[in-house]
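Novice: Just dropping this structure here.
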Amino acid sequence: MLKSISGLKIVDSQKPGPTITIIAGTHGDEVCGIKAFKKVIPNLKLKKGKVYFILGNLKAIKLNKRQYQSNLNRMYKDDSLIDEKTKQSYEYQRSREIMPYLNDSEALLDIHSAMIKDSIPFAICEKPFIDIAKVLPIKTIATGFTAMEPGGTDGYMFSQGKVGMCIECGNHVSDLSDYNAIEAIYSFLNYFDMIYLPIQKTANVYFIYKTKNNFKPIKYFKDFEPIEKGSLIGYDGDKKVLAQKNGFVLFVISRNKPDKEAFLLGEFI
Ligand SMILES: [Zn+2]
C-alpha cells in the first residue's frame, strides 16, 4: 500500500489489470489537464486495472505559475544527479512523493500545454512507444527528450523500461488544449483496454418526404428521435403524414411550398 499523498485521486476497478498514472499540472499554469481531471474523474468507469490521477506541482497550480522554486519536470532522476540547492526545493520533495506512484505504474501520461499562441499539439516519448503515442490526439511525435532534458516523468518511466508519455495539448488557455487533454486521457486508457468508449451507432436513411402542398410537423422532433410505424409525424395540407417503419426521424422541418424536403426516415443498423 503506497503512502497517500495530496493531489491524488485513485480510480480503481477492483479488477486485475494495468496500473496507470496520469499527471496534470506538472507545470502549474498548464491548466488543460487540471480541467480535464474535473470532467473525467467523476464519470470514469474502468473495466479493469486502476488509475492514479495526480496533480503534479500543487504549489505552482495554486499560484497559476509554471513552477514554485524549480522545474518539477527535471526532478525525476537519481539523487546523485541533483545538486544540493535543488534538493531544498519544494519540487524536489514533491517529485519524491510522486515517484512511488510511477514505480507502481506500468504506464504514464503527463499532460502539458504551451505558452506559444499557435502551439501545435504533439507527443513526447521515446522510440519504442511511438505506436502508443499515435493514439493520442496529435499529429507530431517528438523523441529524444530523455537525453536532451533528463529528469522528466516520461524519461523516468523509460529508464525503468515502462511506457512514459507526455502530451503537449496546445496553448495553455484554449479550447484546443481543453479538448485534447480530455481526449488524451480517454485514448490512452482505451489503448490499455481499460474503458468502455461511447458506442458509435450506424444508421441508414431510407425515405425522404417531399411536400405535396406543404408540411407542418405535429411537434418539434429531435434528430434521430425514435418513431414507430404508423405514428403521425405531421400534416401535408389536411393529409396525415405517417411513419412507414419503425426507426427514427431526421431533419424534420416545416415547409410552406410543394416539392420541398420535409424530413427523413431511417433506422439504426
Ligand atoms: Zn509543461
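FYI, nothing fancy with the C-alpha cells labels: chains A, B, ... in order, residues from 1 per chain, ligands from 1 as they appear.
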Let me see if you get this right: every residue at most 10 Å from ligand 1, counting only C-alpha atoms and all ligand atoms, written as a list in words.
Specialist: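 Answer in the requested format: Ala24, Gly25, Thr26, His27, Gly28, Asp29, Glu30, Val31, Arg66, Gln67, Asn71, Leu72, Asn73, Asp110, Ile111, His112, Ser113, Ala114, Met115, Cys166, Ile167, Glu168, Cys169 and His172 of chain A.
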Novice: Based on the selection just made, write N, CA, C and O atoms of those residues as a compact mmCIF listing (two decimals), in the first residue's frame.
Specialist:
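See selection38.txt below for the written result:
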# COMPACT_ATOMS: atom_id res chain seq x y z
N ALA A 24 -1.44 15.79 -14.24
CA ALA A 24 -1.74 17.11 -14.80
C ALA A 24 -1.07 18.14 -13.90
O ALA A 24 -0.88 17.90 -12.70
N GLY A 25 -0.71 19.29 -14.46
CA GLY A 25 -0.15 20.35 -13.63
C GLY A 25 1.26 20.07 -13.14
O GLY A 25 1.66 20.58 -12.11
N THR A 26 2.02 19.29 -13.88
CA THR A 26 3.47 19.22 -13.62
C THR A 26 4.03 20.64 -13.68
O THR A 26 4.90 21.02 -12.90
N HIS A 27 3.51 21.41 -14.63
CA HIS A 27 3.73 22.85 -14.67
C HIS A 27 2.40 23.51 -14.29
O HIS A 27 1.38 23.23 -14.92
N GLY A 28 2.43 24.36 -13.26
CA GLY A 28 1.19 24.80 -12.62
C GLY A 28 0.28 25.66 -13.47
O GLY A 28 -0.92 25.73 -13.19
N ASP A 29 0.81 26.30 -14.50
CA ASP A 29 -0.05 27.16 -15.33
C ASP A 29 -0.56 26.42 -16.57
O ASP A 29 -1.17 27.02 -17.44
N GLU A 30 -0.33 25.14 -16.63
CA GLU A 30 -0.80 24.34 -17.77
C GLU A 30 -2.10 23.68 -17.34
O GLU A 30 -2.14 22.54 -16.89
N VAL A 31 -3.18 24.45 -17.48
CA VAL A 31 -4.43 24.12 -16.78
C VAL A 31 -5.31 23.11 -17.50
O VAL A 31 -6.25 22.59 -16.90
N ARG A 66 4.22 28.45 -13.68
CA ARG A 66 4.89 27.25 -14.20
C ARG A 66 5.53 26.44 -13.07
O ARG A 66 5.42 25.22 -13.01
N GLN A 67 6.21 27.14 -12.19
CA GLN A 67 6.90 26.43 -11.11
C GLN A 67 6.93 27.30 -9.86
O GLN A 67 6.68 28.51 -9.93
N ASN A 71 11.93 23.49 -11.62
CA ASN A 71 11.12 22.80 -12.61
C ASN A 71 10.89 21.35 -12.16
O ASN A 71 11.82 20.53 -12.19
N LEU A 72 9.65 21.05 -11.80
CA LEU A 72 9.33 19.70 -11.32
C LEU A 72 9.72 18.64 -12.35
O LEU A 72 10.11 17.52 -11.99
N ASN A 73 9.63 19.00 -13.63
CA ASN A 73 9.89 18.01 -14.67
C ASN A 73 11.39 17.82 -14.98
O ASN A 73 11.74 17.32 -16.04
N ASP A 110 1.56 12.23 -19.02
CA ASP A 110 1.76 13.51 -18.33
C ASP A 110 1.25 14.61 -19.26
O ASP A 110 1.72 14.73 -20.39
N ILE A 111 0.28 15.40 -18.78
CA ILE A 111 -0.44 16.32 -19.66
C ILE A 111 0.11 17.75 -19.51
O ILE A 111 0.08 18.32 -18.42
N HIS A 112 0.55 18.30 -20.63
CA HIS A 112 1.14 19.64 -20.65
C HIS A 112 0.42 20.52 -21.67
O HIS A 112 -0.37 20.05 -22.48
N SER A 113 0.75 21.84 -21.59
CA SER A 113 0.32 22.77 -22.64
C SER A 113 1.44 23.78 -22.83
O SER A 113 2.43 23.78 -22.09
N ALA A 114 1.27 24.66 -23.82
CA ALA A 114 2.36 25.56 -24.19
C ALA A 114 1.95 27.02 -24.11
O ALA A 114 0.77 27.36 -24.24
N MET A 115 2.95 27.88 -23.91
CA MET A 115 2.72 29.32 -23.82
C MET A 115 2.48 29.91 -25.23
O MET A 115 1.73 30.86 -25.37
N CYS A 166 4.42 12.16 -22.64
CA CYS A 166 3.88 13.49 -22.37
C CYS A 166 3.07 13.90 -23.59
O CYS A 166 3.43 13.56 -24.72
N ILE A 167 2.00 14.63 -23.33
CA ILE A 167 1.31 15.27 -24.45
C ILE A 167 1.33 16.77 -24.23
O ILE A 167 1.05 17.25 -23.13
N GLU A 168 1.72 17.49 -25.26
CA GLU A 168 1.60 18.95 -25.31
C GLU A 168 0.30 19.22 -26.05
O GLU A 168 0.18 18.95 -27.24
N CYS A 169 -0.70 19.75 -25.33
CA CYS A 169 -2.07 19.78 -25.86
C CYS A 169 -2.38 21.00 -26.72
O CYS A 169 -3.44 21.05 -27.35
N HIS A 172 -1.85 27.16 -23.56
CA HIS A 172 -2.32 27.00 -22.16
C HIS A 172 -3.83 27.14 -22.01
O HIS A 172 -4.49 26.31 -21.41
Novice: List the spatial neighbours of Asp131 (chain A) as a VMD selection string - criterion: any atom at most 12 Å away, only C-alpha atoms, same-chain residues fewer than 6 positions off excluded.
Specialist: chain A and resid 123 to 125 140 to 141 163 165 188 191
Novice: Could you give me, as a list in words, the residues within 6 Å of region 146-162 of chain A, counting only C-alpha atoms and dropping anything in the same chain fewer than 2 positions from it?
Specialist: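 Near region 146-162 of chain A, the qualifying residues are Asn73, Arg74, Met75, Tyr76, Lys77, Glu106, Ala107, Gly144, Gly164 and Met165 of chain A.
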Novice: I need the chosen residues saved as a CSV table (one decimal), in the first residue's frame, with all heavy atoms.
Specialist:
chain,number,residue,atom,x,y,z
A,73,ASN,N,9.6,19.0,-13.6
A,73,ASN,CA,9.9,18.0,-14.7
A,73,ASN,C,11.4,17.8,-15.0
A,73,ASN,O,11.7,17.3,-16.0
A,73,ASN,CB,9.1,18.4,-16.0
A,73,ASN,CG,8.6,17.1,-16.7
A,73,ASN,OD1,8.4,16.1,-16.0
A,73,ASN,ND2,8.4,17.2,-18.0
A,74,ARG,N,12.2,18.2,-14.1
A,74,ARG,CA,13.7,17.9,-14.2
A,74,ARG,C,14.1,17.1,-12.9
A,74,ARG,O,15.3,16.9,-12.7
A,74,ARG,CB,14.5,19.1,-14.3
A,74,ARG,CG,14.2,20.0,-15.5
A,74,ARG,CD,14.6,19.4,-16.8
A,74,ARG,NE,14.2,20.2,-17.9
A,74,ARG,CZ,13.1,20.3,-18.5
A,74,ARG,NH1,12.1,19.4,-18.1
A,74,ARG,NH2,12.8,21.1,-19.5
A,75,MET,N,13.2,16.7,-12.1
A,75,MET,CA,13.5,16.1,-10.8
A,75,MET,C,13.5,14.6,-10.7
A,75,MET,O,13.9,14.0,-9.8
A,75,MET,CB,12.5,16.6,-9.7
A,75,MET,CG,12.5,18.1,-9.5
A,75,MET,SD,14.1,18.7,-8.8
A,75,MET,CE,13.9,20.4,-9.1
A,76,TYR,N,12.9,14.0,-11.8
A,76,TYR,CA,12.7,12.6,-11.8
A,76,TYR,C,13.9,11.8,-12.3
A,76,TYR,O,14.0,11.2,-13.4
A,76,TYR,CB,11.5,12.2,-12.7
A,76,TYR,CG,10.2,12.8,-12.1
A,76,TYR,CD1,9.7,14.0,-12.6
A,76,TYR,CD2,9.4,12.1,-11.1
A,76,TYR,CE1,8.5,14.6,-12.1
A,76,TYR,CE2,8.3,12.7,-10.6
A,76,TYR,CZ,7.8,13.9,-11.1
A,76,TYR,OH,6.7,14.4,-10.6
A,77,LYS,N,15.0,12.0,-11.5
A,77,LYS,CA,16.2,11.3,-11.8
A,77,LYS,C,16.9,11.0,-10.5
A,77,LYS,O,16.5,11.4,-9.4
A,77,LYS,CB,17.1,12.1,-12.7
A,77,LYS,CG,17.4,13.5,-12.2
A,77,LYS,CD,18.1,14.3,-13.3
A,77,LYS,CE,18.2,15.8,-12.9
A,77,LYS,NZ,18.6,16.7,-14.0
A,106,GLU,N,2.6,0.9,-14.7
A,106,GLU,CA,3.3,0.3,-15.9
A,106,GLU,C,3.3,1.3,-17.0
A,106,GLU,O,4.0,1.2,-18.0
A,106,GLU,CB,2.7,-1.0,-16.3
A,106,GLU,CG,1.3,-0.9,-16.9
A,106,GLU,CD,0.8,-2.3,-17.1
A,106,GLU,OE1,0.6,-3.0,-16.1
A,106,GLU,OE2,0.5,-2.6,-18.3
A,107,ALA,N,2.5,2.4,-16.9
A,107,ALA,CA,2.5,3.4,-17.9
A,107,ALA,C,2.1,4.8,-17.3
A,107,ALA,O,1.4,4.8,-16.3
A,107,ALA,CB,1.5,3.0,-19.0
A,144,GLY,N,13.6,11.7,-28.1
A,144,GLY,CA,14.9,12.2,-27.8
A,144,GLY,C,15.0,13.1,-26.6
A,144,GLY,O,16.1,13.5,-26.2
A,164,GLY,N,6.3,5.7,-21.0
A,164,GLY,CA,6.2,7.1,-20.5
A,164,GLY,C,5.9,8.1,-21.6
A,164,GLY,O,6.5,8.0,-22.7
A,165,MET,N,4.9,8.9,-21.4
A,165,MET,CA,4.5,9.7,-22.5
A,165,MET,C,4.0,11.1,-22.0
A,165,MET,O,3.3,11.2,-21.0
A,165,MET,CB,3.3,9.0,-23.1
A,165,MET,CG,2.9,9.6,-24.4
A,165,MET,SD,2.5,8.3,-25.6
A,165,MET,CE,3.6,7.0,-25.3
Novice: Would you please give, as a ChimeraX atom specification, all residues of region 17-220 of chain A that DSSP assigns to strand (DSSP E or B) based on the backbone?
Specialist: /A:19-24,46,50-55,107-114,122-124,140-142,163-171,195,203-210,215-217
Novice: Got a sec: who's within 9 Å of Tyr90 (chain A), counting only C-alpha atoms, leaving out chain neighbours fewer than 2 positions off, as a ChimeraX atom specification?
Specialist: /A:57,59,68-70,72,86-88,92-95
Novice: If you count only C-alpha atoms, which residues fall within 9 Å of Ala184 (chain A), apart from same-chain ones fewer than 2 positions away, as a PyMOL selection string?
Specialist: chain A and resi 109+111+135-138+167+169+179-182+186-189
Novice: Would you write out, as a Markdown table, a table of all residues in region 135-224 of chain A that have an atom no more than 10 Å from an atom of region 7-18 of chain A, listing for each the closest atom pair and the distance in Å to one decimal, considering only C-alpha atoms and ordering rows by chain and rising residue number?
Specialist:
| residue | atom | partner | partner_atom | distance |
| --- | --- | --- | --- | --- |
| A:Leu189 | CA | A:Pro18 | CA | 9.6 |
| A:Phe192 | CA | A:Pro18 | CA | 7.3 |
| A:Asp193 | CA | A:Pro18 | CA | 9.2 |
| A:Met194 | CA | A:Gly17 | CA | 7.9 |
Novice: Would you work out the distance separating CA of Ile5 (chain A) from CA of Glu84 (chain A), expressed in Å to one decimal?
Specialist: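 Distance reported for this atom pair: 24.0 Å.
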Novice: Between CA of Lys50 (chain A) and CA of Leu108 (chain A), measure the distance and give it in Å to one decimal.
Specialist: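 Going from CA of Lys50 (chain A) over to CA of Leu108 (chain A) covers 12.2 Å.
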Novice: Near Asn214 (chain A), counting only C-alpha atoms, which residues have an atom at most 12 Å away, once you skip same-chain residues fewer than 3 positions from it, shown as a PDB file with all heavy atoms, in the first residue's frame?
Specialist:
ATOM      1  N   TYR A 209     -39.227  12.574 -47.315  1.00  0.00           N
ATOM      2  CA  TYR A 209     -40.577  13.064 -47.593  1.00  0.00           C
ATOM      3  C   TYR A 209     -40.498  14.424 -48.265  1.00  0.00           C
ATOM      4  O   TYR A 209     -39.909  15.356 -47.727  1.00  0.00           O
ATOM      5  CB  TYR A 209     -41.399  13.183 -46.303  1.00  0.00           C
ATOM      6  CG  TYR A 209     -42.833  13.571 -46.602  1.00  0.00           C
ATOM      7  CD1 TYR A 209     -43.749  12.603 -46.981  1.00  0.00           C
ATOM      8  CD2 TYR A 209     -43.235  14.909 -46.554  1.00  0.00           C
ATOM      9  CE1 TYR A 209     -45.054  12.948 -47.301  1.00  0.00           C
ATOM     10  CE2 TYR A 209     -44.530  15.262 -46.871  1.00  0.00           C
ATOM     11  CZ  TYR A 209     -45.443  14.283 -47.249  1.00  0.00           C
ATOM     12  OH  TYR A 209     -46.731  14.635 -47.587  1.00  0.00           O
ATOM     13  N   LYS A 210     -41.107  14.516 -49.446  1.00  0.00           N
ATOM     14  CA  LYS A 210     -41.202  15.805 -50.133  1.00  0.00           C
ATOM     15  C   LYS A 210     -42.664  16.246 -50.143  1.00  0.00           C
ATOM     16  O   LYS A 210     -43.567  15.428 -50.360  1.00  0.00           O
ATOM     17  CB  LYS A 210     -40.675  15.683 -51.563  1.00  0.00           C
ATOM     18  CG  LYS A 210     -39.174  15.467 -51.590  1.00  0.00           C
ATOM     19  CD  LYS A 210     -38.585  15.694 -52.955  1.00  0.00           C
ATOM     20  CE  LYS A 210     -37.095  15.505 -52.905  1.00  0.00           C
ATOM     21  NZ  LYS A 210     -36.475  15.529 -54.227  1.00  0.00           N
ATOM     22  N   THR A 211     -42.867  17.524 -49.911  1.00  0.00           N
ATOM     23  CA  THR A 211     -44.232  18.032 -49.725  1.00  0.00           C
ATOM     24  C   THR A 211     -45.056  17.944 -51.011  1.00  0.00           C
ATOM     25  O   THR A 211     -44.538  18.157 -52.115  1.00  0.00           O
ATOM     26  CB  THR A 211     -44.194  19.509 -49.270  1.00  0.00           C
ATOM     27  OG1 THR A 211     -43.371  20.230 -50.185  1.00  0.00           O
ATOM     28  CG2 THR A 211     -43.639  19.633 -47.878  1.00  0.00           C
ATOM     29  N   PRO A 217     -45.080  19.758 -39.001  1.00  0.00           N
ATOM     30  CA  PRO A 217     -44.905  18.668 -38.029  1.00  0.00           C
ATOM     31  C   PRO A 217     -45.838  18.840 -36.836  1.00  0.00           C
ATOM     32  O   PRO A 217     -46.194  19.978 -36.497  1.00  0.00           O
ATOM     33  CB  PRO A 217     -43.444  18.797 -37.596  1.00  0.00           C
ATOM     34  CG  PRO A 217     -42.981  20.131 -38.036  1.00  0.00           C
ATOM     35  CD  PRO A 217     -43.899  20.630 -39.106  1.00  0.00           C
ATOM     36  N   GLY A 234     -46.752  14.542 -39.098  1.00  0.00           N
ATOM     37  CA  GLY A 234     -47.263  15.885 -39.365  1.00  0.00           C
ATOM     38  C   GLY A 234     -48.366  15.845 -40.407  1.00  0.00           C
ATOM     39  O   GLY A 234     -48.901  14.778 -40.702  1.00  0.00           O
ATOM     40  N   TYR A 235     -48.698  17.018 -40.943  1.00  0.00           N
ATOM     41  CA  TYR A 235     -49.752  17.132 -41.945  1.00  0.00           C
ATOM     42  C   TYR A 235     -49.216  17.813 -43.196  1.00  0.00           C
ATOM     43  O   TYR A 235     -48.441  18.761 -43.117  1.00  0.00           O
ATOM     44  CB  TYR A 235     -50.921  17.961 -41.393  1.00  0.00           C
ATOM     45  CG  TYR A 235     -51.703  17.228 -40.332  1.00  0.00           C
ATOM     46  CD1 TYR A 235     -51.370  17.362 -38.983  1.00  0.00           C
ATOM     47  CD2 TYR A 235     -52.786  16.416 -40.697  1.00  0.00           C
ATOM     48  CE1 TYR A 235     -52.090  16.688 -38.009  1.00  0.00           C
ATOM     49  CE2 TYR A 235     -53.509  15.735 -39.724  1.00  0.00           C
ATOM     50  CZ  TYR A 235     -53.162  15.871 -38.386  1.00  0.00           C
ATOM     51  OH  TYR A 235     -53.870  15.197 -37.444  1.00  0.00           O
ATOM     52  N   ASP A 236     -49.662  17.273 -44.326  1.00  0.00           N
ATOM     53  CA  ASP A 236     -49.399  17.915 -45.617  1.00  0.00           C
ATOM     54  C   ASP A 236     -50.757  18.400 -46.099  1.00  0.00           C
ATOM     55  O   ASP A 236     -51.611  17.600 -46.480  1.00  0.00           O
ATOM     56  CB  ASP A 236     -48.781  16.907 -46.594  1.00  0.00           C
ATOM     57  CG  ASP A 236     -48.229  17.582 -47.840  1.00  0.00           C
ATOM     58  OD1 ASP A 236     -48.802  18.621 -48.251  1.00  0.00           O
ATOM     59  OD2 ASP A 236     -47.217  17.089 -48.371  1.00  0.00           O
ATOM     60  N   GLY A 237     -50.973  19.707 -46.044  1.00  0.00           N
ATOM     61  CA  GLY A 237     -52.348  20.196 -46.230  1.00  0.00           C
ATOM     62  C   GLY A 237     -53.195  19.633 -45.112  1.00  0.00           C
ATOM     63  O   GLY A 237     -52.845  19.782 -43.938  1.00  0.00           O
ATOM     64  N   ASP A 238     -54.260  18.884 -45.459  1.00  0.00           N
ATOM     65  CA  ASP A 238     -55.063  18.255 -44.399  1.00  0.00           C
ATOM     66  C   ASP A 238     -54.824  16.746 -44.358  1.00  0.00           C
ATOM     67  O   ASP A 238     -55.529  16.025 -43.696  1.00  0.00           O
ATOM     68  CB  ASP A 238     -56.557  18.595 -44.575  1.00  0.00           C
ATOM     69  CG  ASP A 238     -57.057  18.210 -45.960  1.00  0.00           C
ATOM     70  OD1 ASP A 238     -56.260  17.604 -46.726  1.00  0.00           O
ATOM     71  OD2 ASP A 238     -58.210  18.520 -46.274  1.00  0.00           O
ATOM     72  N   LYS A 239     -53.801  16.279 -45.089  1.00  0.00           N
ATOM     73  CA  LYS A 239     -53.498  14.835 -45.095  1.00  0.00           C
ATOM     74  C   LYS A 239     -52.459  14.474 -44.040  1.00  0.00           C
ATOM     75  O   LYS A 239     -51.447  15.160 -43.897  1.00  0.00           O
ATOM     76  CB  LYS A 239     -52.947  14.423 -46.470  1.00  0.00           C
ATOM     77  CG  LYS A 239     -53.978  14.413 -47.560  1.00  0.00           C
ATOM     78  CD  LYS A 239     -53.785  13.157 -48.447  1.00  0.00           C
ATOM     79  CE  LYS A 239     -54.971  12.937 -49.358  1.00  0.00           C
ATOM     80  NZ  LYS A 239     -55.078  13.990 -50.414  1.00  0.00           N
ATOM     81  N   LYS A 240     -52.760  13.359 -43.335  1.00  0.00           N
ATOM     82  CA  LYS A 240     -51.805  12.889 -42.330  1.00  0.00           C
ATOM     83  C   LYS A 240     -50.544  12.327 -42.995  1.00  0.00           C
ATOM     84  O   LYS A 240     -50.649  11.627 -44.005  1.00  0.00           O
ATOM     85  CB  LYS A 240     -52.423  11.767 -41.482  1.00  0.00           C
ATOM     86  CG  LYS A 240     -53.445  12.258 -40.492  1.00  0.00           C
ATOM     87  CD  LYS A 240     -54.037  11.096 -39.723  1.00  0.00           C
ATOM     88  CE  LYS A 240     -55.015  11.603 -38.696  1.00  0.00           C
ATOM     89  NZ  LYS A 240     -55.666  10.511 -37.971  1.00  0.00           N
ATOM     90  N   VAL A 241     -49.388  12.611 -42.400  1.00  0.00           N
ATOM     91  CA  VAL A 241     -48.133  12.005 -42.872  1.00  0.00           C
ATOM     92  C   VAL A 241     -47.634  11.073 -41.776  1.00  0.00           C
ATOM     93  O   VAL A 241     -47.362  11.506 -40.651  1.00  0.00           O
ATOM     94  CB  VAL A 241     -47.068  13.067 -43.189  1.00  0.00           C
ATOM     95  CG1 VAL A 241     -45.790  12.401 -43.675  1.00  0.00           C
ATOM     96  CG2 VAL A 241     -47.598  14.057 -44.222  1.00  0.00           C
ATOM     97  N   ILE A 253     -38.778  19.481 -40.563  1.00  0.00           N
ATOM     98  CA  ILE A 253     -38.899  20.943 -40.658  1.00  0.00           C
ATOM     99  C   ILE A 253     -40.211  21.334 -41.354  1.00  0.00           C
ATOM    100  O   ILE A 253     -40.699  20.610 -42.223  1.00  0.00           O
ATOM    101  CB  ILE A 253     -37.670  21.526 -41.397  1.00  0.00           C
ATOM    102  CG1 ILE A 253     -37.642  23.044 -41.275  1.00  0.00           C
ATOM    103  CG2 ILE A 253     -37.619  21.073 -42.847  1.00  0.00           C
ATOM    104  CD1 ILE A 253     -36.289  23.650 -41.635  1.00  0.00           C
ATOM    105  N   SER A 254     -40.783  22.449 -40.934  1.00  0.00           N
ATOM    106  CA  SER A 254     -41.986  22.969 -41.590  1.00  0.00           C
ATOM    107  C   SER A 254     -41.648  23.473 -42.985  1.00  0.00           C
ATOM    108  O   SER A 254     -40.585  24.055 -43.190  1.00  0.00           O
ATOM    109  CB  SER A 254     -42.547  24.173 -40.814  1.00  0.00           C
ATOM    110  OG  SER A 254     -43.124  23.778 -39.632  1.00  0.00           O
ATOM    111  N   ARG A 255     -42.593  23.206 -43.889  1.00  0.00           N
ATOM    112  CA  ARG A 255     -42.413  23.720 -45.256  1.00  0.00           C
ATOM    113  C   ARG A 255     -43.732  24.321 -45.715  1.00  0.00           C
ATOM    114  O   ARG A 255     -44.802  23.792 -45.403  1.00  0.00           O
ATOM    115  CB  ARG A 255     -42.041  22.569 -46.208  1.00  0.00           C
ATOM    116  CG  ARG A 255     -40.699  21.957 -45.945  1.00  0.00           C
ATOM    117  CD  ARG A 255     -39.592  22.937 -46.254  1.00  0.00           C
ATOM    118  NE  ARG A 255     -38.296  22.286 -46.334  1.00  0.00           N
ATOM    119  CZ  ARG A 255     -37.159  22.951 -46.498  1.00  0.00           C
ATOM    120  NH1 ARG A 255     -37.164  24.276 -46.557  1.00  0.00           N
ATOM    121  NH2 ARG A 255     -36.027  22.309 -46.582  1.00  0.00           N
ATOM    122  N   ASN A 256     -43.645  25.410 -46.489  1.00  0.00           N
ATOM    123  CA  ASN A 256     -44.912  26.008 -46.943  1.00  0.00           C
ATOM    124  C   ASN A 256     -45.054  26.004 -48.463  1.00  0.00           C
ATOM    125  O   ASN A 256     -45.866  26.719 -49.016  1.00  0.00           O
ATOM    126  CB  ASN A 256     -45.081  27.426 -46.377  1.00  0.00           C
ATOM    127  CG  ASN A 256     -43.891  28.304 -46.726  1.00  0.00           C
ATOM    128  OD1 ASN A 256     -43.127  27.963 -47.628  1.00  0.00           O
ATOM    129  ND2 ASN A 256     -43.734  29.405 -46.009  1.00  0.00           N
ATOM    130  N   LYS A 257     -44.225  25.157 -49.103  1.00  0.00           N
ATOM    131  CA  LYS A 257     -44.326  25.071 -50.579  1.00  0.00           C
ATOM    132  C   LYS A 257     -44.315  23.604 -51.006  1.00  0.00           C
ATOM    133  O   LYS A 257     -43.806  22.754 -50.271  1.00  0.00           O
ATOM    134  CB  LYS A 257     -43.125  25.753 -51.212  1.00  0.00           C
ATOM    135  CG  LYS A 257     -43.185  27.259 -51.141  1.00  0.00           C
ATOM    136  CD  LYS A 257     -42.040  27.855 -51.948  1.00  0.00           C
ATOM    137  CE  LYS A 257     -42.091  29.360 -51.869  1.00  0.00           C
ATOM    138  NZ  LYS A 257     -40.774  29.952 -51.796  1.00  0.00           N
ATOM    139  N   PRO A 258     -44.834  23.307 -52.200  1.00  0.00           N
ATOM    140  CA  PRO A 258     -44.759  21.929 -52.707  1.00  0.00           C
ATOM    141  C   PRO A 258     -43.331  21.534 -53.083  1.00  0.00           C
ATOM    142  O   PRO A 258     -42.494  22.411 -53.340  1.00  0.00           O
ATOM    143  CB  PRO A 258     -45.628  21.955 -53.977  1.00  0.00           C
ATOM    144  CG  PRO A 258     -46.331  23.259 -53.980  1.00  0.00           C
ATOM    145  CD  PRO A 258     -45.558  24.200 -53.121  1.00  0.00           C
ATOM    146  N   ASP A 259     -43.105  20.221 -53.085  1.00  0.00           N
ATOM    147  CA  ASP A 259     -41.855  19.623 -53.558  1.00  0.00           C
ATOM    148  C   ASP A 259     -40.619  20.060 -52.751  1.00  0.00           C
ATOM    149  O   ASP A 259     -39.549  20.238 -53.303  1.00  0.00           O
ATOM    150  CB  ASP A 259     -41.670  19.930 -55.056  1.00  0.00           C
ATOM    151  CG  ASP A 259     -40.720  18.925 -55.710  1.00  0.00           C
ATOM    152  OD1 ASP A 259     -40.724  17.751 -55.284  1.00  0.00           O
ATOM    153  OD2 ASP A 259     -39.957  19.331 -56.602  1.00  0.00           O
ATOM    154  N   LYS A 260     -40.841  20.237 -51.444  1.00  0.00           N
ATOM    155  CA  LYS A 260     -39.711  20.591 -50.563  1.00  0.00           C
ATOM    156  C   LYS A 260     -39.423  19.426 -49.614  1.00  0.00           C
ATOM    157  O   LYS A 260     -40.339  18.728 -49.177  1.00  0.00           O
ATOM    158  CB  LYS A 260     -40.051  21.841 -49.728  1.00  0.00           C
ATOM    159  CG  LYS A 260     -40.187  23.097 -50.528  1.00  0.00           C
ATOM    160  CD  LYS A 260     -38.838  23.603 -50.971  1.00  0.00           C
ATOM    161  CE  LYS A 260     -38.979  24.776 -51.939  1.00  0.00           C
ATOM    162  NZ  LYS A 260     -37.750  25.042 -52.666  1.00  0.00           N
ATOM    163  N   GLU A 261     -38.164  19.232 -49.270  1.00  0.00           N
ATOM    164  CA  GLU A 261     -37.785  18.164 -48.327  1.00  0.00           C
ATOM    165  C   GLU A 261     -38.249  18.536 -46.925  1.00  0.00           C
ATOM    166  O   GLU A 261     -37.893  19.592 -46.413  1.00  0.00           O
ATOM    167  CB  GLU A 261     -36.263  17.984 -48.328  1.00  0.00           C
ATOM    168  CG  GLU A 261     -35.747  17.501 -49.678  1.00  0.00           C
ATOM    169  CD  GLU A 261     -34.223  17.502 -49.763  1.00  0.00           C
ATOM    170  OE1 GLU A 261     -33.566  17.696 -48.716  1.00  0.00           O
ATOM    171  OE2 GLU A 261     -33.707  17.314 -50.865  1.00  0.00           O
ATOM    172  N   ALA A 262     -39.049  17.651 -46.318  1.00  0.00           N
ATOM    173  CA  ALA A 262     -39.623  17.967 -45.001  1.00  0.00           C
ATOM    174  C   ALA A 262     -39.051  17.101 -43.891  1.00  0.00           C
ATOM    175  O   ALA A 262     -39.009  17.535 -42.742  1.00  0.00           O
ATOM    176  CB  ALA A 262     -41.147  17.812 -45.044  1.00  0.00           C
TER     177      ALA A 262
END
Novice: Can you list, as JSON, numbers by chain, every residue of region 10-256 of chain A that DSSP puts in alpha helix (DSSP H)?
Specialist: {"A": [32, 33, 34, 35, 36, 37, 38, 39, 40, 58, 59, 60, 61, 62, 63, 84, 85, 86, 87, 90, 91, 92, 93, 94, 95, 96, 97, 98, 99, 100, 101, 102, 103, 130, 131, 132, 133, 145, 146, 147, 148, 153, 154, 155, 156, 157, 158, 159, 175, 176, 177, 178, 179, 180, 181, 182, 183, 184, 185, 186, 187, 188, 189, 190, 191]}
